[in-house]
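Enquirer: Could you have a look at this structure, given as structure tokens, before my questions?
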Amino acid sequence: MDIILFILLGGLIGIFSGFFGIGGGIILTPLLLLLGYPPTFVIGTSLMLSLGTSISGAIAHFRMGNIQWKYVAIINVMGIIGTQIAHPLITKLESLGYAETAISIFYIMLLGFFAVTLLKKQKSRPANRPAPAFPLLIAGLIGLGAGFISSALGVSGGFFIVPLLISLLGLKAPHAVGTSLASVVFIVTSGFISYSISSTLDYIAGISLIIGTFLGAPIGAKSTLLVKESFMRLLLGSLYICMIMSVIVNLFLPSFIGLIIIGAFALFFFTTLIRQKWLSKKEQAAGG
């Protein structure tokens, strides 16, 4: 029964991964912390899941032609360096008893910044927007930051990569999502290997989650066709706010409140997609 529940949870997270390009760890990490698991266990298991969601989501977006390979290579190389900086730091913090608090504060700061970035009113971009200066250097810095964040928080780094690919390198949202998912495969693998050596992980739970994500990620990727880019940004920003609230709850209030917050967003998200799918079919029927 536990395996079935983990597969179902992985399927739901896979849909989020394919839709937002966030790897799934951004949801699983606070969930496992809310359930009382120790930080290094949470990060290692979450990285295992993120590896599965990244691969399955990247495959789906590769088929849709959404991956910019020149950025993938440099983000991967610099990201691996970032993971090896973060891992010993988190291990040391856990030995001192400060890891969960440090992870929570770091989570809140990063998600708060990107939520504001995504939700604020965007200025219209000219069609002939000039290419950014030193794009590969920018991609390398993005990769370094993503690698550190991935190994520090147990996430793929997609929630860091996607907004920056859009704002700094000018990628369209679907291309940013696809490039992000392809970029983080080696980043997550590097971090996962580090934690699997130093911590005890639940491999059965991780494999069950990965099986679920392979089923859910293609659904999420195809669902990006149902909504406009501006609405994708709104949904992603709203997800970040909900995750911030759940992390704050875990620090100060009973953990079940955080679970309710996450569940409420999931209900809103899937209701929205179902409605958009119905409207799309209605428009096609009217046009036919």
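Simple scheme: letters A, B, ... for chains in structure tokens order, numbers from 1 for residues in each chain, numbers from 1 for ligands in the order shown.
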From a backbone DSSP assignment, name each residue in segment 35-66 of chain A labelled helix (DSSP H, G or I), as a ChimeraX atom specification.
Expert: /A:39-63
Enquirer: Write the residues of the selection above to a file with N, CA, C and O atoms, as a CSV table (one decimal), in the first residue's frame.
Expert:
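To be explicit, this is the file written out as out_26.csv:
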chain,number,residue,atom,x,y,z
A,39,PRO,N,16.9,16.2,7.9
A,39,PRO,CA,17.2,17.0,6.7
A,39,PRO,C,18.1,16.3,5.7
A,39,PRO,O,17.7,16.3,4.5
A,40,THR,N,19.1,15.6,6.1
A,40,THR,CA,19.9,14.9,5.0
A,40,THR,C,19.2,13.8,4.4
A,40,THR,O,19.4,13.5,3.2
A,41,PHE,N,18.3,13.1,5.1
A,41,PHE,CA,17.5,12.0,4.5
A,41,PHE,C,16.5,12.7,3.5
A,41,PHE,O,16.3,12.2,2.4
A,42,VAL,N,15.9,13.8,3.9
A,42,VAL,CA,15.0,14.5,3.1
A,42,VAL,C,15.6,15.0,1.8
A,42,VAL,O,15.1,14.7,0.7
A,43,ILE,N,16.8,15.5,1.9
A,43,ILE,CA,17.5,16.1,0.7
A,43,ILE,C,17.9,14.9,-0.2
A,43,ILE,O,17.7,15.0,-1.4
A,44,GLY,N,18.5,13.8,0.3
A,44,GLY,CA,18.9,12.7,-0.5
A,44,GLY,C,17.7,12.0,-1.2
A,44,GLY,O,17.8,11.8,-2.4
A,45,THR,N,16.6,11.8,-0.5
A,45,THR,CA,15.4,11.2,-1.1
A,45,THR,C,14.8,12.1,-2.2
A,45,THR,O,14.4,11.7,-3.2
A,46,SER,N,14.8,13.4,-1.8
A,46,SER,CA,14.2,14.4,-2.8
A,46,SER,C,15.1,14.5,-4.0
A,46,SER,O,14.5,14.6,-5.1
A,47,LEU,N,16.4,14.4,-3.9
A,47,LEU,CA,17.3,14.4,-5.1
A,47,LEU,C,17.0,13.2,-5.9
A,47,LEU,O,17.1,13.2,-7.2
A,48,MET,N,16.8,12.0,-5.3
A,48,MET,CA,16.4,10.8,-6.0
A,48,MET,C,15.2,11.0,-6.9
A,48,MET,O,15.1,10.7,-8.1
A,49,LEU,N,14.2,11.6,-6.3
A,49,LEU,CA,13.0,12.0,-7.0
A,49,LEU,C,13.2,13.0,-8.1
A,49,LEU,O,12.8,12.8,-9.3
A,50,SER,N,14.0,14.0,-7.8
A,50,SER,CA,14.3,15.0,-8.8
A,50,SER,C,15.0,14.5,-10.0
A,50,SER,O,14.8,14.9,-11.1
A,51,LEU,N,15.8,13.5,-9.8
A,51,LEU,CA,16.5,12.8,-10.9
A,51,LEU,C,15.5,12.2,-11.8
A,51,LEU,O,15.6,12.3,-13.1
A,52,GLY,N,14.5,11.5,-11.3
A,52,GLY,CA,13.5,10.8,-12.1
A,52,GLY,C,12.7,11.9,-12.9
A,52,GLY,O,12.4,11.7,-14.1
A,53,THR,N,12.2,12.9,-12.2
A,53,THR,CA,11.4,13.9,-12.8
A,53,THR,C,12.2,14.7,-13.9
A,53,THR,O,11.6,15.0,-14.9
A,54,SER,N,13.4,14.9,-13.6
A,54,SER,CA,14.2,15.7,-14.6
A,54,SER,C,14.4,14.9,-15.9
A,54,SER,O,14.3,15.4,-17.0
A,55,ILE,N,14.7,13.6,-15.7
A,55,ILE,CA,14.9,12.8,-16.9
A,55,ILE,C,13.6,12.6,-17.7
A,55,ILE,O,13.6,12.8,-18.9
A,56,SER,N,12.5,12.3,-17.0
A,56,SER,CA,11.2,12.1,-17.7
A,56,SER,C,10.7,13.4,-18.3
A,56,SER,O,10.2,13.4,-19.4
A,57,GLY,N,10.8,14.5,-17.6
A,57,GLY,CA,10.4,15.8,-18.1
A,57,GLY,C,11.3,16.2,-19.3
A,57,GLY,O,10.7,16.8,-20.3
A,58,ALA,N,12.6,16.0,-19.2
A,58,ALA,CA,13.5,16.4,-20.3
A,58,ALA,C,13.2,15.6,-21.6
A,58,ALA,O,13.2,16.1,-22.7
A,59,ILE,N,12.8,14.3,-21.4
A,59,ILE,CA,12.5,13.5,-22.6
A,59,ILE,C,11.2,14.1,-23.3
A,59,ILE,O,11.2,14.2,-24.5
A,60,ALA,N,10.3,14.4,-22.4
A,60,ALA,CA,9.0,15.0,-23.0
A,60,ALA,C,9.3,16.3,-23.7
A,60,ALA,O,8.7,16.5,-24.8
A,61,HIS,N,10.1,17.2,-23.2
A,61,HIS,CA,10.3,18.4,-23.8
A,61,HIS,C,11.3,18.3,-25.0
A,61,HIS,O,11.2,19.1,-25.9
A,62,PHE,N,12.1,17.3,-24.9
A,62,PHE,CA,13.0,17.0,-26.1
A,62,PHE,C,12.1,16.7,-27.3
A,62,PHE,O,12.4,17.2,-28.4
A,63,ARG,N,11.1,15.9,-27.1
A,63,ARG,CA,10.2,15.5,-28.2
A,63,ARG,C,9.5,16.8,-28.7
A,63,ARG,O,9.1,16.8,-29.9
Enquirer: Could you pull the residues within 10 Å of Leu136 of chain A, counting only C-alpha atoms, minus those fewer than 3 positions along the same chain, as an mmCIF file with N, CA, C and O atoms, in the first residue's frame?
Expert:
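Okay, this is what ended up in selection.cif:
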data_model
loop_
_atom_site.group_PDB
_atom_site.id
_atom_site.type_symbol
_atom_site.label_atom_id
_atom_site.label_comp_id
_atom_site.auth_asym_id
_atom_site.auth_seq_id
_atom_site.Cartn_x
_atom_site.Cartn_y
_atom_site.Cartn_z
ATOM 1 N N LYS A 70 22.996 24.463 -26.132
ATOM 2 C CA LYS A 70 24.228 25.214 -25.844
ATOM 3 C C LYS A 70 24.258 25.701 -24.399
ATOM 4 O O LYS A 70 25.326 25.843 -23.804
ATOM 5 N N TYR A 71 23.077 25.960 -23.831
ATOM 6 C CA TYR A 71 23.018 26.358 -22.433
ATOM 7 C C TYR A 71 23.057 25.153 -21.497
ATOM 8 O O TYR A 71 23.543 25.248 -20.366
ATOM 9 N N ALA A 73 24.873 22.419 -21.644
ATOM 10 C CA ALA A 73 26.228 21.947 -21.350
ATOM 11 C C ALA A 73 26.905 22.782 -20.266
ATOM 12 O O ALA A 73 27.452 22.239 -19.296
ATOM 13 N N ILE A 74 26.869 24.098 -20.399
ATOM 14 C CA ILE A 74 27.576 24.955 -19.448
ATOM 15 C C ILE A 74 26.896 24.940 -18.078
ATOM 16 O O ILE A 74 27.554 24.956 -17.036
ATOM 17 N N ILE A 75 25.560 24.883 -18.049
ATOM 18 C CA ILE A 75 24.843 24.823 -16.767
ATOM 19 C C ILE A 75 25.180 23.533 -16.028
ATOM 20 O O ILE A 75 25.372 23.519 -14.811
ATOM 21 N N PRO A 132 21.354 38.983 -25.063
ATOM 22 C CA PRO A 132 22.114 39.406 -23.884
ATOM 23 C C PRO A 132 23.610 39.303 -24.121
ATOM 24 O O PRO A 132 24.080 38.458 -24.883
ATOM 25 N N ALA A 133 24.361 40.193 -23.463
ATOM 26 C CA ALA A 133 25.821 40.128 -23.554
ATOM 27 C C ALA A 133 26.341 38.956 -22.728
ATOM 28 O O ALA A 133 25.809 38.646 -21.666
ATOM 29 N N ALA A 139 24.886 31.873 -18.261
ATOM 30 C CA ALA A 139 24.427 30.493 -18.073
ATOM 31 C C ALA A 139 25.297 29.757 -17.060
ATOM 32 O O ALA A 139 24.800 28.972 -16.247
ATOM 33 N N GLY A 140 26.613 30.006 -17.088
ATOM 34 C CA GLY A 140 27.510 29.364 -16.136
ATOM 35 C C GLY A 140 27.226 29.772 -14.700
ATOM 36 O O GLY A 140 27.235 28.937 -13.789
ATOM 37 N N LEU A 141 26.974 31.069 -14.489
ATOM 38 C CA LEU A 141 26.647 31.548 -13.144
ATOM 39 C C LEU A 141 25.310 30.980 -12.671
ATOM 40 O O LEU A 141 25.149 30.638 -11.492
ATOM 41 N N ILE A 142 24.358 30.883 -13.603
ATOM 42 C CA ILE A 142 23.073 30.258 -13.267
ATOM 43 C C ILE A 142 23.294 28.810 -12.837
ATOM 44 O O ILE A 142 22.728 28.340 -11.843
ATOM 45 N N LEU A 169 18.237 35.582 -20.084
ATOM 46 C CA LEU A 169 18.627 35.105 -21.413
ATOM 47 C C LEU A 169 17.497 35.209 -22.431
ATOM 48 O O LEU A 169 17.702 34.892 -23.602
#
Enquirer: Between atom CA of Thr83 of chain A and atom CA of Ser151 of chain A, what is the distance in Å, rounded to a tenth?
Expert: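 Spanning atom CA of Thr83 of chain A to atom CA of Ser151 of chain A is a straight-line distance of 5.0 Å.
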Enquirer: Which residues are close to segment 86-103 of chain A, i.e. within 12 Å by only C-alpha atoms, leaving aside same-chain residues fewer than 5 positions away? Reply as a PDB file with N, CA, C and O atoms, in the first residue's frame.
Expert:
ATOM      1  N   ILE A  26      11.075  20.584  -5.066  1.00  0.00           N
ATOM      2  CA  ILE A  26      10.575  21.777  -4.389  1.00  0.00           C
ATOM      3  C   ILE A  26       9.283  21.482  -3.630  1.00  0.00           C
ATOM      4  O   ILE A  26       8.942  22.156  -2.659  1.00  0.00           O
ATOM      5  N   THR A  29      10.510  18.165  -0.751  1.00  0.00           N
ATOM      6  CA  THR A  29      11.341  18.553   0.394  1.00  0.00           C
ATOM      7  C   THR A  29      10.512  19.117   1.546  1.00  0.00           C
ATOM      8  O   THR A  29      10.610  18.629   2.676  1.00  0.00           O
ATOM      9  N   PRO A  30       9.673  20.145   1.330  1.00  0.00           N
ATOM     10  CA  PRO A  30       8.868  20.631   2.461  1.00  0.00           C
ATOM     11  C   PRO A  30       7.868  19.597   2.958  1.00  0.00           C
ATOM     12  O   PRO A  30       7.569  19.553   4.151  1.00  0.00           O
ATOM     13  N   LEU A  32       8.312  16.280   3.162  1.00  0.00           N
ATOM     14  CA  LEU A  32       9.014  15.356   4.043  1.00  0.00           C
ATOM     15  C   LEU A  32       9.438  16.035   5.345  1.00  0.00           C
ATOM     16  O   LEU A  32       9.428  15.415   6.415  1.00  0.00           O
ATOM     17  N   LEU A  33       9.799  17.324   5.277  1.00  0.00           N
ATOM     18  CA  LEU A  33      10.112  18.056   6.505  1.00  0.00           C
ATOM     19  C   LEU A  33       8.868  18.195   7.370  1.00  0.00           C
ATOM     20  O   LEU A  33       8.939  18.074   8.602  1.00  0.00           O
ATOM     21  N   LEU A  34       7.714  18.437   6.743  1.00  0.00           N
ATOM     22  CA  LEU A  34       6.461  18.518   7.488  1.00  0.00           C
ATOM     23  C   LEU A  34       6.136  17.192   8.170  1.00  0.00           C
ATOM     24  O   LEU A  34       5.512  17.162   9.235  1.00  0.00           O
ATOM     25  N   GLY A  36       8.373  15.195   9.375  1.00  0.00           N
ATOM     26  CA  GLY A  36       9.307  14.955  10.459  1.00  0.00           C
ATOM     27  C   GLY A  36      10.579  14.197  10.127  1.00  0.00           C
ATOM     28  O   GLY A  36      11.286  13.752  11.031  1.00  0.00           O
ATOM     29  N   TYR A  37      10.917  14.050   8.855  1.00  0.00           N
ATOM     30  CA  TYR A  37      12.135  13.328   8.492  1.00  0.00           C
ATOM     31  C   TYR A  37      13.355  14.221   8.681  1.00  0.00           C
ATOM     32  O   TYR A  37      13.271  15.444   8.520  1.00  0.00           O
ATOM     33  N   PRO A  38      14.541  13.651   8.987  1.00  0.00           N
ATOM     34  CA  PRO A  38      15.761  14.446   9.175  1.00  0.00           C
ATOM     35  C   PRO A  38      16.232  15.074   7.859  1.00  0.00           C
ATOM     36  O   PRO A  38      16.014  14.509   6.785  1.00  0.00           O
ATOM     37  N   PRO A  39      16.893  16.234   7.932  1.00  0.00           N
ATOM     38  CA  PRO A  39      17.241  17.007   6.729  1.00  0.00           C
ATOM     39  C   PRO A  39      18.052  16.267   5.672  1.00  0.00           C
ATOM     40  O   PRO A  39      17.734  16.339   4.488  1.00  0.00           O
ATOM     41  N   THR A  40      19.133  15.555   6.067  1.00  0.00           N
ATOM     42  CA  THR A  40      19.943  14.904   5.036  1.00  0.00           C
ATOM     43  C   THR A  40      19.175  13.764   4.370  1.00  0.00           C
ATOM     44  O   THR A  40      19.351  13.514   3.177  1.00  0.00           O
ATOM     45  N   PHE A  41      18.318  13.065   5.125  1.00  0.00           N
ATOM     46  CA  PHE A  41      17.460  12.039   4.546  1.00  0.00           C
ATOM     47  C   PHE A  41      16.498  12.679   3.543  1.00  0.00           C
ATOM     48  O   PHE A  41      16.283  12.169   2.436  1.00  0.00           O
ATOM     49  N   VAL A  42      15.909  13.817   3.938  1.00  0.00           N
ATOM     50  CA  VAL A  42      14.965  14.528   3.072  1.00  0.00           C
ATOM     51  C   VAL A  42      15.643  14.950   1.771  1.00  0.00           C
ATOM     52  O   VAL A  42      15.112  14.743   0.674  1.00  0.00           O
ATOM     53  N   ILE A  43      16.821  15.548   1.878  1.00  0.00           N
ATOM     54  CA  ILE A  43      17.519  16.052   0.702  1.00  0.00           C
ATOM     55  C   ILE A  43      17.912  14.906  -0.228  1.00  0.00           C
ATOM     56  O   ILE A  43      17.709  14.971  -1.443  1.00  0.00           O
ATOM     57  N   GLY A  44      18.472  13.826   0.322  1.00  0.00           N
ATOM     58  CA  GLY A  44      18.886  12.705  -0.507  1.00  0.00           C
ATOM     59  C   GLY A  44      17.722  12.048  -1.225  1.00  0.00           C
ATOM     60  O   GLY A  44      17.789  11.760  -2.431  1.00  0.00           O
ATOM     61  N   GLY A  79      27.066  23.531 -12.560  1.00  0.00           N
ATOM     62  CA  GLY A  79      26.160  23.046 -11.530  1.00  0.00           C
ATOM     63  C   GLY A  79      26.774  21.958 -10.676  1.00  0.00           C
ATOM     64  O   GLY A  79      26.561  21.904  -9.454  1.00  0.00           O
ATOM     65  N   ILE A  80      27.527  21.054 -11.293  1.00  0.00           N
ATOM     66  CA  ILE A  80      28.195  19.983 -10.542  1.00  0.00           C
ATOM     67  C   ILE A  80      29.173  20.579  -9.533  1.00  0.00           C
ATOM     68  O   ILE A  80      29.287  20.103  -8.399  1.00  0.00           O
ATOM     69  N   ILE A  81      29.858  21.641  -9.930  1.00  0.00           N
ATOM     70  CA  ILE A  81      30.773  22.321  -9.003  1.00  0.00           C
ATOM     71  C   ILE A  81      29.993  22.874  -7.809  1.00  0.00           C
ATOM     72  O   ILE A  81      30.414  22.747  -6.650  1.00  0.00           O
ATOM     73  N   ILE A 108      12.758  29.999   2.072  1.00  0.00           N
ATOM     74  CA  ILE A 108      11.839  31.140   2.110  1.00  0.00           C
ATOM     75  C   ILE A 108      12.415  32.323   1.337  1.00  0.00           C
ATOM     76  O   ILE A 108      11.701  32.994   0.569  1.00  0.00           O
ATOM     77  N   MET A 109      13.696  32.600   1.517  1.00  0.00           N
ATOM     78  CA  MET A 109      14.326  33.730   0.833  1.00  0.00           C
ATOM     79  C   MET A 109      14.296  33.554  -0.687  1.00  0.00           C
ATOM     80  O   MET A 109      13.909  34.471  -1.429  1.00  0.00           O
ATOM     81  N   LEU A 110      14.693  32.379  -1.152  1.00  0.00           N
ATOM     82  CA  LEU A 110      14.744  32.148  -2.595  1.00  0.00           C
ATOM     83  C   LEU A 110      13.358  32.140  -3.223  1.00  0.00           C
ATOM     84  O   LEU A 110      13.120  32.790  -4.245  1.00  0.00           O
ATOM     85  N   LEU A 111      12.440  31.394  -2.613  1.00  0.00           N
ATOM     86  CA  LEU A 111      11.105  31.325  -3.188  1.00  0.00           C
ATOM     87  C   LEU A 111      10.407  32.671  -3.126  1.00  0.00           C
ATOM     88  O   LEU A 111       9.635  33.023  -4.024  1.00  0.00           O
ATOM     89  N   LEU A 144      26.058  27.435 -11.570  1.00  0.00           N
ATOM     90  CA  LEU A 144      26.749  27.369 -10.286  1.00  0.00           C
ATOM     91  C   LEU A 144      25.766  27.564  -9.138  1.00  0.00           C
ATOM     92  O   LEU A 144      25.780  26.814  -8.144  1.00  0.00           O
ATOM     93  N   GLY A 145      24.900  28.569  -9.269  1.00  0.00           N
ATOM     94  CA  GLY A 145      23.896  28.816  -8.235  1.00  0.00           C
ATOM     95  C   GLY A 145      22.905  27.669  -8.125  1.00  0.00           C
ATOM     96  O   GLY A 145      22.524  27.261  -7.025  1.00  0.00           O
ATOM     97  N   ALA A 146      22.499  27.123  -9.277  1.00  0.00           N
ATOM     98  CA  ALA A 146      21.536  26.022  -9.275  1.00  0.00           C
ATOM     99  C   ALA A 146      22.117  24.788  -8.611  1.00  0.00           C
ATOM    100  O   ALA A 146      21.426  24.077  -7.877  1.00  0.00           O
ATOM    101  N   GLY A 147      23.405  24.498  -8.849  1.00  0.00           N
ATOM    102  CA  GLY A 147      24.047  23.347  -8.232  1.00  0.00           C
ATOM    103  C   GLY A 147      24.113  23.476  -6.720  1.00  0.00           C
ATOM    104  O   GLY A 147      23.839  22.519  -5.990  1.00  0.00           O
ATOM    105  N   PHE A 148      24.450  24.667  -6.238  1.00  0.00           N
ATOM    106  CA  PHE A 148      24.504  24.895  -4.792  1.00  0.00           C
ATOM    107  C   PHE A 148      23.126  24.721  -4.181  1.00  0.00           C
ATOM    108  O   PHE A 148      22.963  24.038  -3.150  1.00  0.00           O
ATOM    109  N   ILE A 149      22.132  25.327  -4.807  1.00  0.00           N
ATOM    110  CA  ILE A 149      20.770  25.248  -4.286  1.00  0.00           C
ATOM    111  C   ILE A 149      20.257  23.817  -4.324  1.00  0.00           C
ATOM    112  O   ILE A 149      19.595  23.346  -3.396  1.00  0.00           O
ATOM    113  N   SER A 150      20.563  23.095  -5.404  1.00  0.00           N
ATOM    114  CA  SER A 150      20.111  21.711  -5.542  1.00  0.00           C
ATOM    115  C   SER A 150      20.601  20.850  -4.391  1.00  0.00           C
ATOM    116  O   SER A 150      19.827  20.113  -3.763  1.00  0.00           O
ATOM    117  N   SER A 151      21.884  20.935  -4.071  1.00  0.00           N
ATOM    118  CA  SER A 151      22.467  20.098  -3.034  1.00  0.00           C
ATOM    119  C   SER A 151      22.155  20.612  -1.639  1.00  0.00           C
ATOM    120  O   SER A 151      22.195  19.855  -0.678  1.00  0.00           O
ATOM    121  N   ALA A 152      21.812  21.889  -1.506  1.00  0.00           N
ATOM    122  CA  ALA A 152      21.481  22.454  -0.199  1.00  0.00           C
ATOM    123  C   ALA A 152      20.029  22.210   0.179  1.00  0.00           C
ATOM    124  O   ALA A 152      19.703  22.069   1.366  1.00  0.00           O
ATOM    125  N   LEU A 153      19.136  22.146  -0.828  1.00  0.00           N
ATOM    126  CA  LEU A 153      17.706  22.041  -0.546  1.00  0.00           C
ATOM    127  C   LEU A 153      17.079  20.740  -1.024  1.00  0.00           C
ATOM    128  O   LEU A 153      15.913  20.477  -0.755  1.00  0.00           O
ATOM    129  N   GLY A 154      17.834  19.914  -1.758  1.00  0.00           N
ATOM    130  CA  GLY A 154      17.266  18.669  -2.248  1.00  0.00           C
ATOM    131  C   GLY A 154      16.328  18.854  -3.410  1.00  0.00           C
ATOM    132  O   GLY A 154      15.365  18.103  -3.568  1.00  0.00           O
ATOM    133  N   VAL A 155      16.595  19.849  -4.230  1.00  0.00           N
ATOM    134  CA  VAL A 155      15.743  20.135  -5.390  1.00  0.00           C
ATOM    135  C   VAL A 155      16.594  20.047  -6.652  1.00  0.00           C
ATOM    136  O   VAL A 155      17.819  19.994  -6.599  1.00  0.00           O
ATOM    137  N   ILE A 187      23.425  17.640 -12.567  1.00  0.00           N
ATOM    138  CA  ILE A 187      23.504  18.361 -11.296  1.00  0.00           C
ATOM    139  C   ILE A 187      22.887  17.518 -10.185  1.00  0.00           C
ATOM    140  O   ILE A 187      23.478  17.314  -9.117  1.00  0.00           O
ATOM    141  N   VAL A 188      21.676  17.010 -10.437  1.00  0.00           N
ATOM    142  CA  VAL A 188      20.988  16.206  -9.436  1.00  0.00           C
ATOM    143  C   VAL A 188      21.734  14.897  -9.171  1.00  0.00           C
ATOM    144  O   VAL A 188      21.841  14.441  -8.028  1.00  0.00           O
ATOM    145  N   SER A 190      24.915  14.319  -9.349  1.00  0.00           N
ATOM    146  CA  SER A 190      26.088  14.603  -8.524  1.00  0.00           C
ATOM    147  C   SER A 190      25.708  14.763  -7.054  1.00  0.00           C
ATOM    148  O   SER A 190      26.345  14.193  -6.155  1.00  0.00           O
ATOM    149  N   GLY A 191      24.661  15.539  -6.797  1.00  0.00           N
ATOM    150  CA  GLY A 191      24.229  15.738  -5.422  1.00  0.00           C
ATOM    151  C   GLY A 191      23.713  14.458  -4.790  1.00  0.00           C
ATOM    152  O   GLY A 191      23.999  14.157  -3.619  1.00  0.00           O
ATOM    153  N   PHE A 192      22.959  13.665  -5.564  1.00  0.00           N
ATOM    154  CA  PHE A 192      22.403  12.416  -5.047  1.00  0.00           C
ATOM    155  C   PHE A 192      23.508  11.443  -4.651  1.00  0.00           C
ATOM    156  O   PHE A 192      23.446  10.797  -3.594  1.00  0.00           O
ATOM    157  N   ILE A 193      24.527  11.321  -5.477  1.00  0.00           N
ATOM    158  CA  ILE A 193      25.640  10.422  -5.155  1.00  0.00           C
ATOM    159  C   ILE A 193      26.309  10.845  -3.851  1.00  0.00           C
ATOM    160  O   ILE A 193      26.639  10.010  -2.989  1.00  0.00           O
ATOM    161  N   SER A 194      26.498  12.154  -3.667  1.00  0.00           N
ATOM    162  CA  SER A 194      27.140  12.649  -2.447  1.00  0.00           C
ATOM    163  C   SER A 194      26.335  12.275  -1.204  1.00  0.00           C
ATOM    164  O   SER A 194      26.883  11.808  -0.202  1.00  0.00           O
ATOM    165  N   TYR A 195      24.998  12.465  -1.258  1.00  0.00           N
ATOM    166  CA  TYR A 195      24.162  12.177  -0.094  1.00  0.00           C
ATOM    167  C   TYR A 195      23.969  10.678   0.123  1.00  0.00           C
ATOM    168  O   TYR A 195      23.825  10.221   1.264  1.00  0.00           O
ATOM    169  N   SER A 196      23.950   9.900  -0.962  1.00  0.00           N
ATOM    170  CA  SER A 196      23.781   8.452  -0.808  1.00  0.00           C
ATOM    171  C   SER A 196      24.983   7.827  -0.117  1.00  0.00           C
ATOM    172  O   SER A 196      24.858   6.804   0.567  1.00  0.00           O
ATOM    173  N   ILE A 197      26.140   8.438  -0.258  1.00  0.00           N
ATOM    174  CA  ILE A 197      27.354   7.945   0.405  1.00  0.00           C
ATOM    175  C   ILE A 197      27.356   8.312   1.885  1.00  0.00           C
ATOM    176  O   ILE A 197      27.744   7.515   2.744  1.00  0.00           O
ATOM    177  N   SER A 198      26.864   9.523   2.195  1.00  0.00           N
ATOM    178  CA  SER A 198      26.972  10.028   3.572  1.00  0.00           C
ATOM    179  C   SER A 198      25.726   9.795   4.413  1.00  0.00           C
ATOM    180  O   SER A 198      25.772   9.964   5.640  1.00  0.00           O
ATOM    181  N   SER A 199      24.571   9.410   3.815  1.00  0.00           N
ATOM    182  CA  SER A 199      23.312   9.297   4.550  1.00  0.00           C
ATOM    183  C   SER A 199      22.589   7.997   4.194  1.00  0.00           C
ATOM    184  O   SER A 199      22.844   7.399   3.146  1.00  0.00           O
ATOM    185  N   ILE A 244       6.226  28.661   0.403  1.00  0.00           N
ATOM    186  CA  ILE A 244       6.752  29.527   1.465  1.00  0.00           C
ATOM    187  C   ILE A 244       5.887  29.414   2.709  1.00  0.00           C
ATOM    188  O   ILE A 244       6.388  29.258   3.836  1.00  0.00           O
ATOM    189  N   VAL A 247       6.463  26.137   4.543  1.00  0.00           N
ATOM    190  CA  VAL A 247       7.739  26.095   5.269  1.00  0.00           C
ATOM    191  C   VAL A 247       7.659  26.918   6.547  1.00  0.00           C
ATOM    192  O   VAL A 247       8.151  26.508   7.612  1.00  0.00           O
ATOM    193  N   ILE A 248       7.029  28.097   6.478  1.00  0.00           N
ATOM    194  CA  ILE A 248       6.854  28.929   7.670  1.00  0.00           C
ATOM    195  C   ILE A 248       6.012  28.193   8.705  1.00  0.00           C
ATOM    196  O   ILE A 248       6.315  28.208   9.914  1.00  0.00           O
ATOM    197  N   ASN A 250       5.801  25.049   9.133  1.00  0.00           N
ATOM    198  CA  ASN A 250       6.604  23.975   9.721  1.00  0.00           C
ATOM    199  C   ASN A 250       7.511  24.487  10.843  1.00  0.00           C
ATOM    200  O   ASN A 250       7.870  23.743  11.756  1.00  0.00           O
ATOM    201  N   LEU A 251       7.874  25.782  10.779  1.00  0.00           N
ATOM    202  CA  LEU A 251       8.734  26.354  11.805  1.00  0.00           C
ATOM    203  C   LEU A 251       7.969  26.779  13.053  1.00  0.00           C
ATOM    204  O   LEU A 251       8.483  26.696  14.169  1.00  0.00           O
ATOM    205  N   PHE A 252       6.702  27.218  12.881  1.00  0.00           N
ATOM    206  CA  PHE A 252       6.001  27.863  13.995  1.00  0.00           C
ATOM    207  C   PHE A 252       4.651  27.244  14.366  1.00  0.00           C
ATOM    208  O   PHE A 252       4.166  27.475  15.467  1.00  0.00           O
TER     209      PHE A 252
END
Enquirer: For atom CA of Ile166 of chain A and atom CA of Met64 of chain A, determine how far apart the two atoms are, in Å to one decimal place.
Expert: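 These atoms are spaced 18.2 Å apart.
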Enquirer: Which residue out of A:Thr117, A:Leu201, A:Tyr107, A:Ile211 has the minimum interatomic distance to Ile4 of chain A when only C-alpha atoms are used?
Expert: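 Checking each of A:Thr117, A:Leu201, A:Tyr107, A:Ile211 against Ile4 of chain A, counting only C-alpha atoms, the winner is A:Ile211.
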Enquirer: Which distance in Å separates atom CA of Lys172 of chain A and atom CA of Leu215 of chain A, to one decimal?
Expert: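 Between atom CA of Lys172 of chain A and atom CA of Leu215 of chain A the gap is 25.4 Å.
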Enquirer: Rank A:Gln68, A:Asn76, A:Ser183, A:Ser246 by their smallest atom-to-atom distance to Ile27 of chain A, using only C-alpha atoms, and report the top residue only.
Expert: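 Comparing A:Gln68, A:Asn76, A:Ser183, A:Ser246 against Ile27 of chain A, the winner is A:Ser246.
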Enquirer: For Trp69 of chain A, which of A:Thr179, A:Ser208, A:Gln284, A:Thr189 is the closest residue, counting only C-alpha atoms?
Expert: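 Among the listed residues, A:Thr179 lies closest to Trp69 of chain A.
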Enquirer: Counting only C-alpha atoms, figure out which residue out of A:Met78, A:Leu279, A:Val72, A:Ala286 gets nearest to Gly178 of chain A.
Expert: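 Between A:Met78, A:Leu279, A:Val72, A:Ala286, the residue approaching Gly178 of chain A most closely is A:Val72.
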Enquirer: Using only C-alpha atoms, which protein or nucleic acid residues come within 7 Å of Gly14 of chain A? Drop anything in the same chain fewer than 5 positions from it, and give the result as a ChimeraX atom specification.
Expert: /A:24,53,212-214,216-217
Enquirer: Set the distance at 12 Å and use only C-alpha atoms: which residues neighbour segment 258-273 of chain A once local chain neighbours fewer than 4 positions away are removed? I'd like the list as a PyMOL selection string.
Expert: chain A and resi 9+12-13+15-16+19-20+26-28+30-35+219-220+222-228+231-232+234-254+277-280
